[in-house]
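What follows is a single structure, written as structure tokens, with notes after it.
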Amino acid sequence: MSSKSPVLTSKAPKPLPGIYSQAIKAGDFVFVSGAVPMDPVTMEIIKGDIQDHTHQCIKNLGAILEEAGSSLDKVVKVNVFLSNMNDFAKMNEVYKMYWGDIKPCRTCVAVKTLPLNVDVEIECTALL
């Protein structure tokens, strides 16, 4: 039976206590919770558009992955949640700047609403 351990860094927004972990390391993987475009210092949603928000989500994921001993280059699966599918192309303009030469598998869906009424949330799974 493999063990699991939580990941926590102050370089990404704090998780809600008793609800979820920023990430869990299990076996050879790290599973990162959904990241919203929140500043880890102020704990406020950053100002800007979908592109600014996409950058912040990925920055938050990167900080968590680094704390876990991984990186964006080791991501194998990404799930993107958009509150409006009309933002798909603009989100992709930013998204494609990340993840290295071999892009991870990805799912992108539109949802009715996201926490804190943000326009994007991104989660990922990476190799350790």
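If you're wondering about the labels, chains in the structure tokens are A, B, ... by order shown, residues count from 1 in each chain, ligands from 1 in order shown.
Residue neighbourhood of Leu116 of chain A, excluding near-sequence residues (fewer than 3 positions): Ala35, Val36, Pro37, Met38, Met43, Glu44, Ile45, Ile46, Ser83, Thr113, Asp119, Val120 and Glu121 of chain A, at 12 Å, using only C-alpha atoms.
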Residues just named, written with C-alpha atoms as a tab-separated table (two decimals), in the first residue's frame:
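The file below, out.tsv, is the result:
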```tsv
chain	number	residue	atom	x	y	z
A	35	ALA	CA	-5.91	26.97	-8.65
A	36	VAL	CA	-7.84	30.20	-9.07
A	37	PRO	CA	-6.28	33.57	-10.00
A	38	MET	CA	-5.63	34.55	-6.40
A	43	MET	CA	-5.54	36.24	-0.79
A	44	GLU	CA	-7.49	38.42	-3.24
A	45	ILE	CA	-8.40	37.65	-6.84
A	46	ILE	CA	-5.99	39.59	-9.04
A	83	SER	CA	-17.01	30.19	-16.64
A	113	THR	CA	-19.93	29.15	-11.87
A	119	ASP	CA	-13.47	33.09	-14.81
A	120	VAL	CA	-10.92	30.25	-14.74
A	121	GLU	CA	-9.67	27.46	-12.46
```
**Contacts of segment 57-73 of chain A at 8 Å (only C-alpha atoms; same-chain gap of 6+ positions) as a ChimeraX atom specification** = /A:7-9,11-13,22-23,25,30,32,35-38,40,98-100,120-124,126-128
Selection file, N, CA, C and O atoms, as a tab-separated table (two decimals), in the first residue's frame:
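Full text of out_4.tsv as output:
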```tsv
chain	number	residue	atom	x	y	z
A	7	VAL	N	0.97	18.59	0.46
A	7	VAL	CA	1.93	19.61	0.06
A	7	VAL	C	1.35	20.95	0.46
A	7	VAL	O	0.16	21.21	0.23
A	8	LEU	N	2.17	21.80	1.05
A	8	LEU	CA	1.71	23.13	1.45
A	8	LEU	C	2.84	24.13	1.26
A	8	LEU	O	3.96	23.91	1.72
A	9	THR	N	2.56	25.22	0.56
A	9	THR	CA	3.52	26.30	0.38
A	9	THR	C	2.83	27.64	0.58
A	9	THR	O	1.66	27.79	0.22
A	11	LYS	N	3.76	30.13	-1.07
A	11	LYS	CA	3.92	30.80	-2.37
A	11	LYS	C	2.68	30.64	-3.26
A	11	LYS	O	2.67	31.08	-4.40
A	12	ALA	N	1.66	29.98	-2.73
A	12	ALA	CA	0.38	29.82	-3.43
A	12	ALA	C	-0.72	30.09	-2.40
A	12	ALA	O	-0.48	30.00	-1.19
A	13	PRO	N	-1.93	30.42	-2.86
A	13	PRO	CA	-3.01	30.68	-1.92
A	13	PRO	C	-3.23	29.53	-0.95
A	13	PRO	O	-3.14	28.36	-1.33
A	22	GLN	N	-3.48	21.74	-0.83
A	22	GLN	CA	-3.01	22.34	-2.09
A	22	GLN	C	-2.67	21.23	-3.08
A	22	GLN	O	-2.94	21.35	-4.26
A	23	ALA	N	-2.05	20.18	-2.58
A	23	ALA	CA	-1.70	19.03	-3.41
A	23	ALA	C	-1.46	17.83	-2.51
A	23	ALA	O	-1.25	17.97	-1.31
A	25	LYS	N	0.96	14.27	-2.63
A	25	LYS	CA	1.94	13.39	-3.27
A	25	LYS	C	1.53	11.96	-2.96
A	25	LYS	O	1.28	11.62	-1.81
A	30	VAL	N	2.10	13.82	-8.17
A	30	VAL	CA	1.54	14.86	-7.31
A	30	VAL	C	0.26	15.34	-7.98
A	30	VAL	O	0.23	15.61	-9.18
A	32	VAL	N	-2.52	18.16	-7.91
A	32	VAL	CA	-2.66	19.54	-7.44
A	32	VAL	C	-4.11	19.99	-7.56
A	32	VAL	O	-4.73	19.86	-8.62
A	35	ALA	N	-6.46	25.67	-8.99
A	35	ALA	CA	-5.91	26.97	-8.65
A	35	ALA	C	-6.74	28.05	-9.32
A	35	ALA	O	-7.02	27.97	-10.52
A	36	VAL	N	-7.13	29.04	-8.54
A	36	VAL	CA	-7.84	30.20	-9.07
A	36	VAL	C	-6.86	31.36	-9.14
A	36	VAL	O	-5.76	31.30	-8.57
A	37	PRO	N	-7.22	32.45	-9.82
A	37	PRO	CA	-6.28	33.57	-10.00
A	37	PRO	C	-6.17	34.46	-8.76
A	37	PRO	O	-6.46	35.65	-8.79
A	38	MET	N	-5.73	33.86	-7.68
A	38	MET	CA	-5.63	34.55	-6.40
A	38	MET	C	-4.17	34.84	-6.07
A	38	MET	O	-3.31	33.99	-6.27
A	40	PRO	N	-1.23	34.97	-3.62
A	40	PRO	CA	-0.99	34.22	-2.39
A	40	PRO	C	-0.71	35.10	-1.17
A	40	PRO	O	-0.86	34.65	-0.04
A	98	TYR	N	3.25	27.60	-21.53
A	98	TYR	CA	3.73	26.79	-20.42
A	98	TYR	C	3.84	25.32	-20.81
A	98	TYR	O	3.52	24.93	-21.91
A	99	TRP	N	4.32	24.50	-19.90
A	99	TRP	CA	4.32	23.04	-19.96
A	99	TRP	C	5.44	22.41	-20.76
A	99	TRP	O	5.48	21.20	-20.87
A	100	GLY	N	6.36	23.13	-21.35
A	100	GLY	CA	7.49	22.51	-22.04
A	100	GLY	C	7.13	22.04	-23.44
A	100	GLY	O	6.10	22.39	-23.99
A	120	VAL	N	-11.70	31.43	-14.41
A	120	VAL	CA	-10.92	30.25	-14.74
A	120	VAL	C	-10.39	29.59	-13.48
A	120	VAL	O	-10.06	30.27	-12.49
A	121	GLU	N	-10.32	28.27	-13.51
A	121	GLU	CA	-9.67	27.46	-12.46
A	121	GLU	C	-8.94	26.35	-13.19
A	121	GLU	O	-9.47	25.78	-14.16
A	122	ILE	N	-7.73	26.05	-12.74
A	122	ILE	CA	-6.92	25.02	-13.40
A	122	ILE	C	-6.35	24.08	-12.35
A	122	ILE	O	-5.84	24.52	-11.32
A	123	GLU	N	-6.42	22.77	-12.62
A	123	GLU	CA	-5.82	21.75	-11.76
A	123	GLU	C	-4.91	20.88	-12.61
A	123	GLU	O	-5.04	20.85	-13.84
A	124	CYS	N	-3.99	20.17	-11.95
A	124	CYS	CA	-3.09	19.33	-12.73
A	124	CYS	C	-2.57	18.14	-11.93
A	124	CYS	O	-2.66	18.11	-10.70
A	126	ALA	N	1.08	15.76	-11.95
A	126	ALA	CA	2.44	15.76	-12.46
A	126	ALA	C	3.23	14.59	-11.90
A	126	ALA	O	2.91	14.04	-10.85
A	127	LEU	N	4.31	14.26	-12.61
A	127	LEU	CA	5.27	13.28	-12.11
A	127	LEU	C	6.15	13.93	-11.05
A	127	LEU	O	6.43	15.13	-11.12
A	128	LEU	N	6.59	13.14	-10.10
A	128	LEU	CA	7.54	13.63	-9.11
A	128	LEU	C	8.95	13.41	-9.61
A	128	LEU	O	9.20	12.59	-10.46
```
**Request:** Run DSSP on the backbone and give me the residues of chain A it puts in strand (DSSP E or B), as number ranges by chain.
**Result:** A: 4-7, 23-26, 29-35, 38, 45, 75-82, 105-110, 120-127
